[in-house]
file my_file-v1.tsv (TSV, C-alpha atoms)
chain	number	residue	atom	x	y	z
A	637	MET	CA	20.27	-14.97	37.78
A	638	MET	CA	18.89	-12.66	35.09
A	639	MET	CA	21.30	-11.12	32.65
A	640	MET	CA	20.45	-8.37	30.22
A	641	GLU	CA	22.95	-8.16	27.41
A	642	GLU	CA	23.44	-4.65	26.11
A	643	GLY	CA	24.77	-3.92	22.68
A	644	GLY	CA	24.45	-7.46	21.40
A	645	ASP	CA	28.20	-7.82	21.10
A	646	LYS	CA	28.20	-11.10	23.00
A	647	VAL	CA	25.98	-12.61	20.36
A	648	GLY	CA	28.75	-14.69	18.83
A	649	THR	CA	29.53	-16.71	21.91
A	650	GLY	CA	27.63	-19.68	23.17
A	651	ALA	CA	24.42	-21.14	21.90
A	652	GLU	CA	22.11	-18.77	23.69
A	653	GLU	CA	18.94	-17.93	21.91
A	654	ARG	CA	18.32	-14.32	21.09
A	655	ARG	CA	14.99	-12.64	21.27
A	656	MET	CA	13.89	-9.56	19.42
A	657	ARG	CA	13.80	-6.45	21.54
A	658	MET	CA	10.51	-5.58	20.06
A	659	LYS	CA	7.54	-7.49	18.72
A	660	VAL	CA	8.10	-8.27	15.08
A	661	MET	CA	5.58	-10.19	13.03
A	662	VAL	CA	6.54	-11.87	9.77
A	663	ALA	CA	3.75	-13.02	7.48
A	664	ILE	CA	4.49	-16.45	6.01
A	665	ASP	CA	2.83	-18.19	3.11
A	666	GLU	CA	3.86	-20.72	0.49
A	667	SER	CA	5.63	-18.11	-1.61
A	668	ASP	CA	9.39	-17.82	-1.78
A	669	GLY	CA	8.95	-14.09	-1.25
A	670	SER	CA	7.81	-14.53	2.31
A	671	PHE	CA	10.72	-16.80	3.21
A	672	TYR	CA	13.10	-14.36	1.60
A	673	ALA	CA	11.50	-11.66	3.76
A	674	LEU	CA	12.02	-13.77	6.87
A	675	LYS	CA	15.67	-14.29	6.04
A	676	TRP	CA	16.13	-10.60	5.26
A	677	ALA	CA	14.58	-9.72	8.61
A	678	LEU	CA	16.80	-12.17	10.44
A	679	ASP	CA	19.91	-10.93	8.68
A	680	ASN	CA	19.26	-7.25	9.12
A	681	LEU	CA	17.13	-6.79	12.16
A	682	ILE	CA	18.87	-9.06	14.64
A	683	THR	CA	21.96	-6.97	15.13
A	684	THR	CA	19.89	-3.89	15.71
A	685	MET	CA	17.03	-5.41	17.55
A	686	ALA	CA	17.83	-8.62	19.32
A	687	THR	CA	19.02	-9.23	22.80
A	688	VAL	CA	20.11	-12.24	24.79
A	689	GLY	CA	18.75	-13.28	28.10
A	690	GLU	CA	15.52	-13.62	29.96
A	691	ALA	CA	12.58	-11.45	29.11
A	692	THR	CA	12.31	-8.37	31.21
A	693	PRO	CA	9.72	-5.61	30.88
A	694	ASP	CA	12.24	-3.85	28.67
A	695	ASN	CA	12.87	-6.60	26.20
A	696	GLU	CA	9.81	-8.83	26.13
A	697	GLY	CA	10.01	-8.71	22.38
A	698	MET	CA	9.33	-11.69	20.18
A	699	LEU	CA	9.43	-12.76	16.58
A	700	PHE	CA	6.00	-13.97	15.51
A	701	LEU	CA	5.55	-16.06	12.40
A	702	LEU	CA	2.02	-15.65	11.14
A	703	HIS	CA	0.43	-17.90	8.58
A	704	VAL	CA	-3.11	-17.29	7.38
A	705	GLN	CA	-4.94	-20.24	5.87
A	706	PRO	CA	-7.34	-19.05	3.21
A	707	LYS	CA	-10.85	-20.08	4.11
A	708	PHE	CA	-11.98	-23.15	2.29
A	709	GLN	CA	-15.18	-22.75	0.35
A	710	HIS	CA	-17.78	-25.28	1.19
A	711	PHE	CA	-18.98	-26.93	-1.93
A	712	VAL	CA	-21.32	-29.77	-2.53
A	713	TYR	CA	-19.93	-32.21	-5.03
A	714	PRO	CA	-22.35	-34.04	-7.25
A	715	ILE	CA	-21.29	-37.51	-8.32
A	716	GLY	CA	-22.89	-40.17	-10.38
A	717	THR	CA	-24.83	-39.64	-13.56
A	718	ALA	CA	-26.41	-36.24	-13.77
A	719	GLY	CA	-25.75	-35.59	-10.12
A	720	ALA	CA	-27.81	-38.53	-8.98
A	721	ALA	CA	-26.07	-38.57	-5.67
A	722	PHE	CA	-24.10	-36.12	-3.61
A	723	TYR	CA	-20.83	-36.90	-1.97
A	724	PRO	CA	-21.19	-35.85	1.64
A	725	ALA	CA	-19.67	-32.38	1.72
A	726	SER	CA	-18.28	-32.86	5.18
A	727	VAL	CA	-15.97	-35.65	4.11
A	728	VAL	CA	-14.45	-33.56	1.35
A	729	GLU	CA	-14.26	-30.58	3.66
A	730	ASP	CA	-12.45	-32.58	6.30
A	731	SER	CA	-9.88	-33.97	3.94
A	732	VAL	CA	-9.14	-30.57	2.44
A	733	LYS	CA	-8.88	-29.08	5.90
A	734	LYS	CA	-6.47	-31.79	6.92
A	735	ALA	CA	-4.34	-31.21	3.83
A	736	GLN	CA	-4.35	-27.50	4.54
A	737	GLU	CA	-3.29	-28.05	8.12
A	738	GLU	CA	-0.44	-30.27	7.05
A	739	THR	CA	0.76	-27.66	4.57
A	740	SER	CA	0.57	-24.92	7.17
A	741	ALA	CA	2.38	-26.98	9.76
A	742	ALA	CA	5.14	-27.80	7.28
A	743	LEU	CA	5.49	-24.14	6.29
A	744	LEU	CA	5.72	-22.88	9.83
A	745	SER	CA	8.07	-25.60	10.92
A	746	ARG	CA	10.34	-24.64	8.04
A	747	ALA	CA	10.14	-21.00	9.12
A	748	LEU	CA	10.77	-21.87	12.76
A	749	GLN	CA	13.80	-23.87	11.72
A	750	ILE	CA	15.23	-20.88	9.87
A	751	CYS	CA	14.79	-18.78	13.00
A	752	HIS	CA	16.34	-21.48	15.11
A	753	ASP	CA	19.36	-21.62	12.78
A	754	SER	CA	19.85	-17.91	13.38
A	755	ARG	CA	19.39	-18.53	17.08
A	756	VAL	CA	16.37	-16.29	17.30
A	757	LYS	CA	13.42	-17.13	19.48
A	758	ALA	CA	10.21	-17.29	17.48
A	759	GLU	CA	6.60	-18.27	17.91
A	760	SER	CA	4.18	-19.37	15.24
A	761	ILE	CA	0.53	-18.46	14.77
A	762	ILE	CA	-2.02	-19.90	12.36
A	763	LEU	CA	-5.20	-18.05	11.51
A	764	ASN	CA	-8.03	-18.73	9.11
A	765	GLY	CA	-9.56	-16.29	6.72
A	766	ASP	CA	-8.57	-13.68	4.19
A	767	PRO	CA	-4.83	-13.04	4.56
A	768	ARG	CA	-5.28	-9.35	3.74
A	769	GLU	CA	-7.54	-8.70	6.67
A	770	LYS	CA	-6.20	-11.23	9.11
A	771	ILE	CA	-2.62	-10.01	8.90
A	772	CYS	CA	-3.58	-6.42	9.63
A	773	GLU	CA	-5.92	-7.53	12.41
A	774	ALA	CA	-3.37	-9.76	14.05
A	775	ALA	CA	-0.65	-7.12	13.87
A	776	GLU	CA	-2.95	-4.64	15.52
A	777	GLN	CA	-4.34	-6.93	18.17
A	778	MET	CA	-0.96	-8.19	19.21
A	779	GLN	CA	0.37	-4.65	19.10
A	780	VAL	CA	3.46	-5.58	17.18
A	781	ASN	CA	6.08	-2.94	16.60
A	782	LEU	CA	6.84	-4.02	13.06
A	783	LEU	CA	5.14	-6.13	10.42
A	784	VAL	CA	7.39	-7.76	7.82
A	785	MET	CA	6.05	-9.02	4.52
A	786	GLY	CA	7.40	-10.36	1.30
A	787	SER	CA	6.20	-9.12	-2.03
A	788	ARG	CA	5.71	-11.05	-5.18
A	789	GLY	CA	7.01	-8.13	-7.17
A	790	LEU	CA	4.00	-8.06	-9.46
A	791	GLY	CA	3.87	-5.30	-12.01
A	792	THR	CA	1.28	-2.53	-11.75
A	793	LEU	CA	-1.24	-4.19	-14.03
A	794	LYS	CA	-1.05	-7.65	-12.47
A	795	ARG	CA	-1.32	-6.14	-9.04
A	796	THR	CA	-4.55	-4.36	-9.93
A	797	PHE	CA	-6.24	-7.50	-11.12
A	798	LEU	CA	-4.76	-10.18	-8.95
A	799	GLY	CA	-4.66	-8.07	-5.85
A	800	SER	CA	-1.76	-7.98	-3.53
A	801	VAL	CA	-1.71	-8.84	0.11
A	802	SER	CA	1.35	-6.75	0.80
A	803	ASP	CA	-0.28	-3.83	-1.00
A	804	HIS	CA	-3.41	-4.07	1.09
A	805	CYS	CA	-1.47	-4.35	4.31
A	806	ALA	CA	0.75	-1.41	3.39
A	807	HIS	CA	-2.38	0.72	3.17
A	808	HIS	CA	-4.35	-0.67	6.05
A	809	ALA	CA	-1.95	-1.86	8.69
A	810	LYS	CA	-1.65	0.56	11.55
A	811	THR	CA	1.77	-0.69	12.54
A	812	PRO	CA	5.00	0.13	10.73
A	813	ILE	CA	5.35	-2.27	7.83
A	814	LEU	CA	8.45	-3.49	6.05
A	815	ILE	CA	8.04	-4.84	2.52
A	816	VAL	CA	10.91	-6.97	1.26
A	817	LYS	CA	11.31	-7.17	-2.50
A	818	PRO	CA	12.43	-10.48	-3.97
A	819	PRO	CA	15.89	-10.48	-5.54
A	820	GLU	CA	14.65	-11.55	-9.00
A	821	TYR	CA	12.62	-8.38	-9.18
A	822	LEU	CA	15.66	-6.35	-8.37
A	823	LYS	CA	17.76	-8.14	-10.94
A	824	LYS	CA	15.14	-7.69	-13.65
A	825	HIS	CA	15.19	-3.93	-13.23
B	146	MET	CA	36.30	-7.18	14.82
B	147	ALA	CA	34.94	-4.05	13.18
B	148	ALA	CA	37.41	-2.91	10.58
B	149	SER	CA	37.34	0.78	9.85
B	150	GLY	CA	35.75	1.47	6.51
B	151	SER	CA	33.83	-1.81	6.59
B	152	GLU	CA	30.95	-1.87	4.17
B	153	LYS	CA	27.82	-0.83	5.98
B	154	GLN	CA	24.48	-0.98	4.30
B	155	VAL	CA	22.78	2.27	3.46
B	156	MET	CA	19.39	3.24	4.80
B	157	ILE	CA	17.57	6.19	3.31
B	158	VAL	CA	14.94	7.96	5.35
B	159	ALA	CA	12.67	10.34	3.49
B	160	ILE	CA	12.05	13.61	5.28
B	161	ASP	CA	9.70	16.47	4.67
B	162	ASP	CA	8.00	19.16	6.67
B	163	SER	CA	5.29	16.98	8.14
B	164	GLU	CA	4.99	15.51	11.60
B	165	HIS	CA	4.44	12.11	9.97
B	166	SER	CA	7.94	12.18	8.62
B	167	THR	CA	9.37	13.38	11.92
B	168	TYR	CA	7.61	10.50	13.63
B	169	ALA	CA	9.00	8.07	11.08
B	170	LEU	CA	12.54	9.35	11.54
B	171	ASN	CA	12.20	9.22	15.31
B	172	TRP	CA	10.89	5.66	15.20
B	173	THR	CA	13.67	4.55	12.89
B	174	LEU	CA	16.35	6.14	15.07
B	175	ASP	CA	14.92	4.49	18.18
B	176	HIS	CA	14.67	1.02	16.71
B	177	PHE	CA	17.51	0.77	14.23
B	178	PHE	CA	20.18	2.99	15.69
B	179	ALA	CA	19.90	2.55	19.41
B	180	ILE	CA	22.26	-0.40	19.74
B	181	ASN	CA	24.85	-1.59	17.26
B	182	PRO	CA	23.69	0.22	14.14
B	183	ILE	CA	24.53	-1.67	10.99
B	184	PHE	CA	23.21	0.93	8.59
B	185	ASN	CA	24.64	4.17	7.31
B	186	LEU	CA	21.94	6.80	7.51
B	187	VAL	CA	21.10	9.09	4.63
B	188	LEU	CA	18.27	11.58	4.91
B	189	VAL	CA	16.70	12.70	1.66
B	190	HIS	CA	14.42	15.67	1.36
B	191	ALA	CA	12.60	16.34	-1.88
B	192	ARG	CA	12.00	20.01	-2.26
B	193	PRO	CA	9.32	21.16	-4.65
B	194	SER	CA	10.58	23.34	-7.47
B	195	ALA	CA	9.38	26.94	-7.52
B	196	THR	CA	7.46	26.50	-10.75
B	197	SER	CA	5.54	23.51	-9.44
B	198	ALA	CA	4.78	25.35	-6.22
B	199	ILE	CA	3.21	28.30	-7.99
B	200	GLY	CA	1.29	25.88	-10.10
B	201	PRO	CA	-1.30	26.70	-12.69
B	202	VAL	CA	-1.72	30.24	-11.43
B	203	GLY	CA	1.75	31.05	-12.68
B	204	PRO	CA	1.33	31.81	-16.35
B	205	LEU	CA	-1.84	33.80	-15.78
B	206	TYR	CA	-0.31	36.04	-13.22
B	207	ALA	CA	1.34	39.04	-14.76
B	208	GLY	CA	4.04	39.28	-12.19
B	209	ALA	CA	4.91	35.59	-12.26
B	210	ASN	CA	8.53	36.22	-13.10
B	211	ASP	CA	8.85	38.54	-10.15
B	212	ILE	CA	7.54	36.19	-7.54
B	213	LEU	CA	9.48	33.19	-8.83
B	214	PRO	CA	12.75	34.08	-7.11
B	215	VAL	CA	10.91	34.92	-3.92
B	216	VAL	CA	9.11	31.62	-3.90
B	217	ASP	CA	12.32	29.83	-4.77
B	218	SER	CA	14.26	31.35	-1.92
B	219	ASP	CA	11.41	30.65	0.46
B	220	LEU	CA	11.40	27.02	-0.60
B	221	ARG	CA	15.15	26.80	-0.15
B	222	ASN	CA	14.82	28.18	3.37
B	223	THR	CA	12.11	25.71	4.26
B	224	ALA	CA	14.15	22.85	2.87
B	225	ALA	CA	17.23	23.95	4.78
B	226	ARG	CA	15.18	24.15	7.94
B	227	VAL	CA	13.77	20.65	7.41
B	228	ALA	CA	17.26	19.29	6.80
B	229	GLU	CA	18.70	21.02	9.85
B	230	THR	CA	15.88	19.89	12.15
B	231	ALA	CA	16.30	16.31	11.01
B	232	LYS	CA	20.05	16.41	11.48
B	233	GLN	CA	19.60	17.80	14.98
B	234	LEU	CA	17.18	15.01	15.79
B	235	CYS	CA	19.78	12.46	14.75
B	236	LEU	CA	22.40	14.11	16.91
B	237	THR	CA	20.15	13.97	19.97
B	238	LYS	CA	19.87	10.24	19.39
B	239	SER	CA	23.64	9.95	19.16
B	240	VAL	CA	23.70	9.29	15.45
B	241	ASN	CA	26.50	11.53	14.35
B	242	ASP	CA	27.31	10.17	10.94
B	243	VAL	CA	24.38	11.37	8.88
B	244	THR	CA	24.30	12.49	5.27
B	245	VAL	CA	21.53	14.92	4.40
B	246	GLU	CA	20.54	15.54	0.80
B	247	VAL	CA	18.08	18.08	-0.47
B	248	VAL	CA	17.02	17.42	-4.03
B	249	GLU	CA	14.63	19.42	-6.10
B	250	GLY	CA	11.82	17.52	-7.73
B	251	ASP	CA	8.90	15.20	-7.19
B	252	PRO	CA	9.41	13.14	-4.02
B	253	ARG	CA	8.50	9.93	-5.82
B	254	ASN	CA	11.32	10.18	-8.30
B	255	VAL	CA	13.76	11.82	-5.93
B	256	LEU	CA	13.48	8.97	-3.44
B	257	CYS	CA	13.70	6.18	-5.99
B	258	ASP	CA	16.68	7.87	-7.63
B	259	ALA	CA	18.35	8.25	-4.26
B	260	VAL	CA	17.95	4.52	-3.67
B	261	GLU	CA	19.81	3.91	-6.94
B	262	LYS	CA	22.47	6.47	-6.21
B	263	TYR	CA	23.35	5.16	-2.78
B	264	HIS	CA	22.59	1.50	-3.55
B	265	ALA	CA	20.42	1.61	-0.46
B	266	SER	CA	19.17	-1.60	1.10
B	267	LEU	CA	16.33	0.08	2.89
B	268	LEU	CA	14.09	3.05	2.24
B	269	VAL	CA	11.99	4.41	5.07
B	270	VAL	CA	9.03	6.64	4.41
B	271	GLY	CA	6.35	8.07	6.63
B	272	SER	CA	2.76	8.02	5.53
B	273	HIS	CA	0.07	10.63	5.71
B	274	GLY	CA	-2.44	7.88	6.17
B	275	TYR	CA	-4.69	9.21	3.47
B	276	GLY	CA	-7.86	7.28	2.79
B	277	ALA	CA	-8.45	5.67	-0.59
B	278	ILE	CA	-9.97	8.74	-2.19
B	279	LYS	CA	-7.42	11.25	-1.02
B	280	ARG	CA	-4.71	8.88	-2.08
B	281	ALA	CA	-6.13	8.54	-5.55
B	282	VAL	CA	-6.43	12.29	-6.00
B	283	LEU	CA	-3.34	13.52	-4.22
B	284	GLY	CA	-1.18	10.56	-4.97
B	285	SER	CA	0.87	8.80	-2.41
B	286	VAL	CA	4.61	8.91	-2.17
B	287	SER	CA	4.81	5.96	0.18
B	288	ASP	CA	2.64	3.95	-2.18
B	289	TYR	CA	4.77	4.76	-5.20
B	290	CYS	CA	7.98	4.01	-3.37
B	291	ALA	CA	6.66	0.74	-1.98
B	292	HIS	CA	6.06	-0.41	-5.54
B	293	HIS	CA	8.89	1.16	-7.47
B	294	ALA	CA	11.89	1.47	-5.22
B	295	HIS	CA	14.49	-1.17	-5.93
B	296	CYS	CA	14.98	-2.09	-2.32
B	297	THR	CA	13.12	-3.07	0.79
B	298	VAL	CA	10.69	-0.36	1.83
B	299	MET	CA	9.51	0.39	5.33
B	300	ILE	CA	6.42	2.51	5.86
B	301	VAL	CA	6.11	4.00	9.32
B	302	LYS	CA	2.74	5.42	10.17
B	303	LYS	CA	2.08	7.81	12.94
B	304	PRO	CA	-0.69	6.33	15.06
B	305	LYS	CA	-3.92	8.24	14.80
B	306	THR	CA	-5.03	9.55	18.14
B	307	LYS	CA	-8.73	9.04	17.78
B	308	HIS	CA	-9.59	8.66	21.42
call {"tool": "encode", "arguments": {"input": "my_file-v1.tsv", "output": "C-alpha cells"}}
result
Amino acid sequence: MMMMEEGGDKVGTGAEERRMRMKVMVAIDESDGSFYALKWALDNLITTMATVGEATPDNEGMLFLLHVQPKFQHFVYPIGTAGAAFYPASVVEDSVKKAQEETSAALLSRALQICHDSRVKAESIILNGDPREKICEAAEQMQVNLLVMGSRGLGTLKRTFLGSVSDHCAHHAKTPILIVKPPEYLKKH
Amino acid sequence: MAASGSEKQVMIVAIDDSEHSTYALNWTLDHFFAINPIFNLVLVHARPSATSAIGPVGPLYAGANDILPVVDSDLRNTAARVAETAKQLCLTKSVNDVTVEVVEGDPRNVLCDAVEKYHASLLVVGSHGYGAIKRAVLGSVSDYCAHHAHCTVMIVKKPKTKH
C-alpha cells in the first residue's frame, strides 16, 4: 500500500525514512564548511521539502551527496643518485589512488551517516576531476532542483588568488544554488 | 505543538522589476512555502535614488532641479508597483504573512543591511546571468551578496531558453 504523507506533520512518529520532495545535491569535501552546509540543509530544508513514503512521480526527490576527487597528477619519481633509476610511476599512482578512494569513502560514509541520523534518504556519488567543473556538470546532468555548497568564507583577496569552488559554481551552475556560510565567518563579522 | 509567536527564521527575498526576480520569488514560494513553511518571508526592494537614476547627465542639464521630483515620483510609483505585484504573487500562493520593504539605495548595500536588520537566516536573490564581462562592468548584486551577506545565500537563476 502506497502512502503519500502531506504536510510532513507525521514526521515525528516512527522510524520512517524521509525523502526530499525535490532533487537536492550537496557538494561534500574534506572541509568543515561542506559538512556544516549539509547539516544546515538537513535542518532547514527537511521540514519544507521532505516527505515520507514511497516514491511517486510527484515526490521522486532525493538528496545526493557529491564528492569530487581532484585528479591526481601523474608524476615520474626519480630515485637513486642523480635519478639513476625511476620508481615505476604506476605503483605510486596506484597507492595514491587507493588512499584517495579511502578518504572519499570515509567522507561520504560520514555524510551518509549524518543524513541517516536525520532520517533522510540520501545517495552518494563520487566523481573525478576539477571540483569546479564537475559539480556544475553533475548538477546539470542530474537535473537537480537545488545545489547546496559550503563556503570557506575566504576574504576577497584570498578568493581571487586561491580560487573558490563555491564562487565558480555560483556563477556557472544553471540550477539554483544555496551557499552556506560557516559560523566562524559570521562570528568574525 | 506550534506555539503562537514561536520564533520562525526570517527569509529575505530580493525583488526588483525584472523577470529574473519574479522567477526567483516564484521558485522560492513553490519550494519553501508550499508545505509547512518554517520561514517568515520578507521581500526587500531596493529602489534607485532619483539622483543616481539621472546620473552624470544631471549637473550638465540646466533643468536638472525641475526633473528631479518627476523622476523621483516615477521611481516611487515603479517601486510601489513592484512591491504590490510581489505581494499579490505571495497571496496567490497562499502566503499571507509577508512583509514588504522598499528601501532607497544601492541593492548591494540595501540587501546586506536588510539581512542585519531582520537577522535573516537566508537571503534569496535572482540572477541576471550576466557573462563575465558584463558582470565586471555592470557589477553583480547576487555576486556581492553571495560574498558579503552575513547569512546563507541562495541564488535562483531563470533557465535560459536557448532552444
call {"tool": "atom_distance", "arguments": {"input": "my_file-v1.tsv", "atom1": "CA of Glu737 in chain A", "atom2": "CA of Met785 in chain A"}}
result
21.5 Å
call {"tool": "atom_distance", "arguments": {"input": "my_file-v1.tsv", "atom1": "CA of Glu773 in chain A", "atom2": "CA of Ile300 in chain B"}}
result
17.2 Å
call {"tool": "residues_around", "arguments": {"input": "my_file-v1.tsv", "residues": "Val270 in chain B", "least_positions_apart": "4", "cutoff": "7 Å", "atoms": "all atoms listed in the file", "output": "list in words"}}
result
Val158, Ala159, Ala169, Ser287, Met299, Ile300 and Val301 of chain B
call {"tool": "write_last_selection", "arguments": {"input": "my_file-v1.tsv", "atoms": "C-alpha atoms", "output": "mmCIF file, keeping the file's coordinate frame"}}
result
data_model
loop_
_atom_site.group_PDB
_atom_site.id
_atom_site.type_symbol
_atom_site.label_atom_id
_atom_site.label_comp_id
_atom_site.auth_asym_id
_atom_site.auth_seq_id
_atom_site.Cartn_x
_atom_site.Cartn_y
_atom_site.Cartn_z
ATOM 1 C CA VAL B 158 14.940 7.960 5.350
ATOM 2 C CA ALA B 159 12.670 10.340 3.490
ATOM 3 C CA ALA B 169 9.000 8.070 11.080
ATOM 4 C CA SER B 287 4.810 5.960 0.180
ATOM 5 C CA MET B 299 9.510 0.390 5.330
ATOM 6 C CA ILE B 300 6.420 2.510 5.860
ATOM 7 C CA VAL B 301 6.110 4.000 9.320
#
call {"tool": "interface_residues", "arguments": {"input": "my_file-v1.tsv", "of": "chain B", "to": "chain A", "cutoff": "10 Å", "atoms": "only C-alpha atoms", "output": "MDAnalysis selection string"}}
result
chainID B and resid 154 169 172:173 176:184 266:272 274:277 280 287:288 291:305
call {"tool": "atom_distance", "arguments": {"input": "my_file-v1.tsv", "atom1": "CA of Ser726 in chain A", "atom2": "CA of Pro706 in chain A"}}
result
17.7 Å
call {"tool": "residues_around", "arguments": {"input": "my_file-v1.tsv", "residues": "Asn764 in chain A", "least_positions_apart": "4", "cutoff": "7 Å", "atoms": "all atoms listed in the file", "output": "PyMOL selection string"}}
result
chain A and resi 704-707
call {"tool": "build_atoms", "arguments": {"input": "my_file-v1.tsv", "residues": "range 771-779 of chain A", "atoms": "all heavy atoms", "output": "tab-separated table (two decimals), in the coordinates of the input"}}
result
chain	number	residue	atom	x	y	z
A	771	ILE	N	-3.97	-10.47	8.55
A	771	ILE	CA	-2.62	-10.01	8.90
A	771	ILE	C	-2.69	-8.66	9.59
A	771	ILE	O	-2.05	-8.44	10.62
A	771	ILE	CB	-1.72	-9.96	7.64
A	771	ILE	CG1	-1.48	-11.37	7.12
A	771	ILE	CG2	-0.39	-9.29	7.96
A	771	ILE	CD1	-0.72	-11.42	5.82
A	772	CYS	N	-3.45	-7.75	9.01
A	772	CYS	CA	-3.58	-6.42	9.63
A	772	CYS	C	-4.20	-6.51	11.02
A	772	CYS	O	-3.75	-5.87	11.97
A	772	CYS	CB	-4.45	-5.51	8.75
A	772	CYS	SG	-3.74	-5.20	7.14
A	773	GLU	N	-5.24	-7.36	11.12
A	773	GLU	CA	-5.92	-7.53	12.41
A	773	GLU	C	-4.97	-8.05	13.46
A	773	GLU	O	-4.88	-7.53	14.57
A	773	GLU	CB	-7.03	-8.57	12.25
A	773	GLU	CG	-8.43	-8.01	12.20
A	773	GLU	CD	-9.44	-9.14	11.99
A	773	GLU	OE1	-9.39	-10.10	12.78
A	773	GLU	OE2	-10.23	-9.02	11.06
A	774	ALA	N	-4.27	-9.12	13.08
A	774	ALA	CA	-3.37	-9.76	14.05
A	774	ALA	C	-2.28	-8.80	14.50
A	774	ALA	O	-1.96	-8.71	15.69
A	774	ALA	CB	-2.76	-11.02	13.45
A	775	ALA	N	-1.72	-8.05	13.52
A	775	ALA	CA	-0.65	-7.12	13.87
A	775	ALA	C	-1.15	-6.09	14.86
A	775	ALA	O	-0.46	-5.71	15.81
A	775	ALA	CB	-0.13	-6.43	12.61
A	776	GLU	N	-2.40	-5.65	14.65
A	776	GLU	CA	-2.95	-4.64	15.52
A	776	GLU	C	-3.28	-5.19	16.89
A	776	GLU	O	-2.93	-4.62	17.92
A	776	GLU	CB	-4.21	-4.08	14.88
A	776	GLU	CG	-4.61	-2.74	15.44
A	776	GLU	CD	-5.84	-2.22	14.75
A	776	GLU	OE1	-6.01	-2.51	13.55
A	776	GLU	OE2	-6.62	-1.52	15.42
A	777	GLN	N	-3.93	-6.36	16.90
A	777	GLN	CA	-4.34	-6.93	18.17
A	777	GLN	C	-3.16	-7.29	19.05
A	777	GLN	O	-3.19	-7.12	20.26
A	777	GLN	CB	-5.17	-8.19	17.94
A	777	GLN	CG	-6.63	-7.87	17.68
A	777	GLN	CD	-7.42	-9.09	17.27
A	777	GLN	OE1	-6.94	-10.21	17.39
A	777	GLN	NE2	-8.61	-8.87	16.77
A	778	MET	N	-2.11	-7.80	18.41
A	778	MET	CA	-0.96	-8.19	19.21
A	778	MET	C	-0.03	-7.01	19.45
A	778	MET	O	1.00	-7.16	20.11
A	778	MET	CB	-0.21	-9.32	18.52
A	778	MET	CG	-1.13	-10.48	18.25
A	778	MET	SD	-0.25	-11.93	17.71
A	778	MET	CE	0.70	-12.23	19.16
A	779	GLN	N	-0.40	-5.87	18.91
A	779	GLN	CA	0.37	-4.65	19.10
A	779	GLN	C	1.84	-4.85	18.77
A	779	GLN	O	2.73	-4.56	19.57
A	779	GLN	CB	0.23	-4.15	20.54
A	779	GLN	CG	-1.23	-3.84	20.86
A	779	GLN	CD	-1.35	-2.94	22.04
A	779	GLN	OE1	-0.85	-3.26	23.11
A	779	GLN	NE2	-1.99	-1.80	21.84
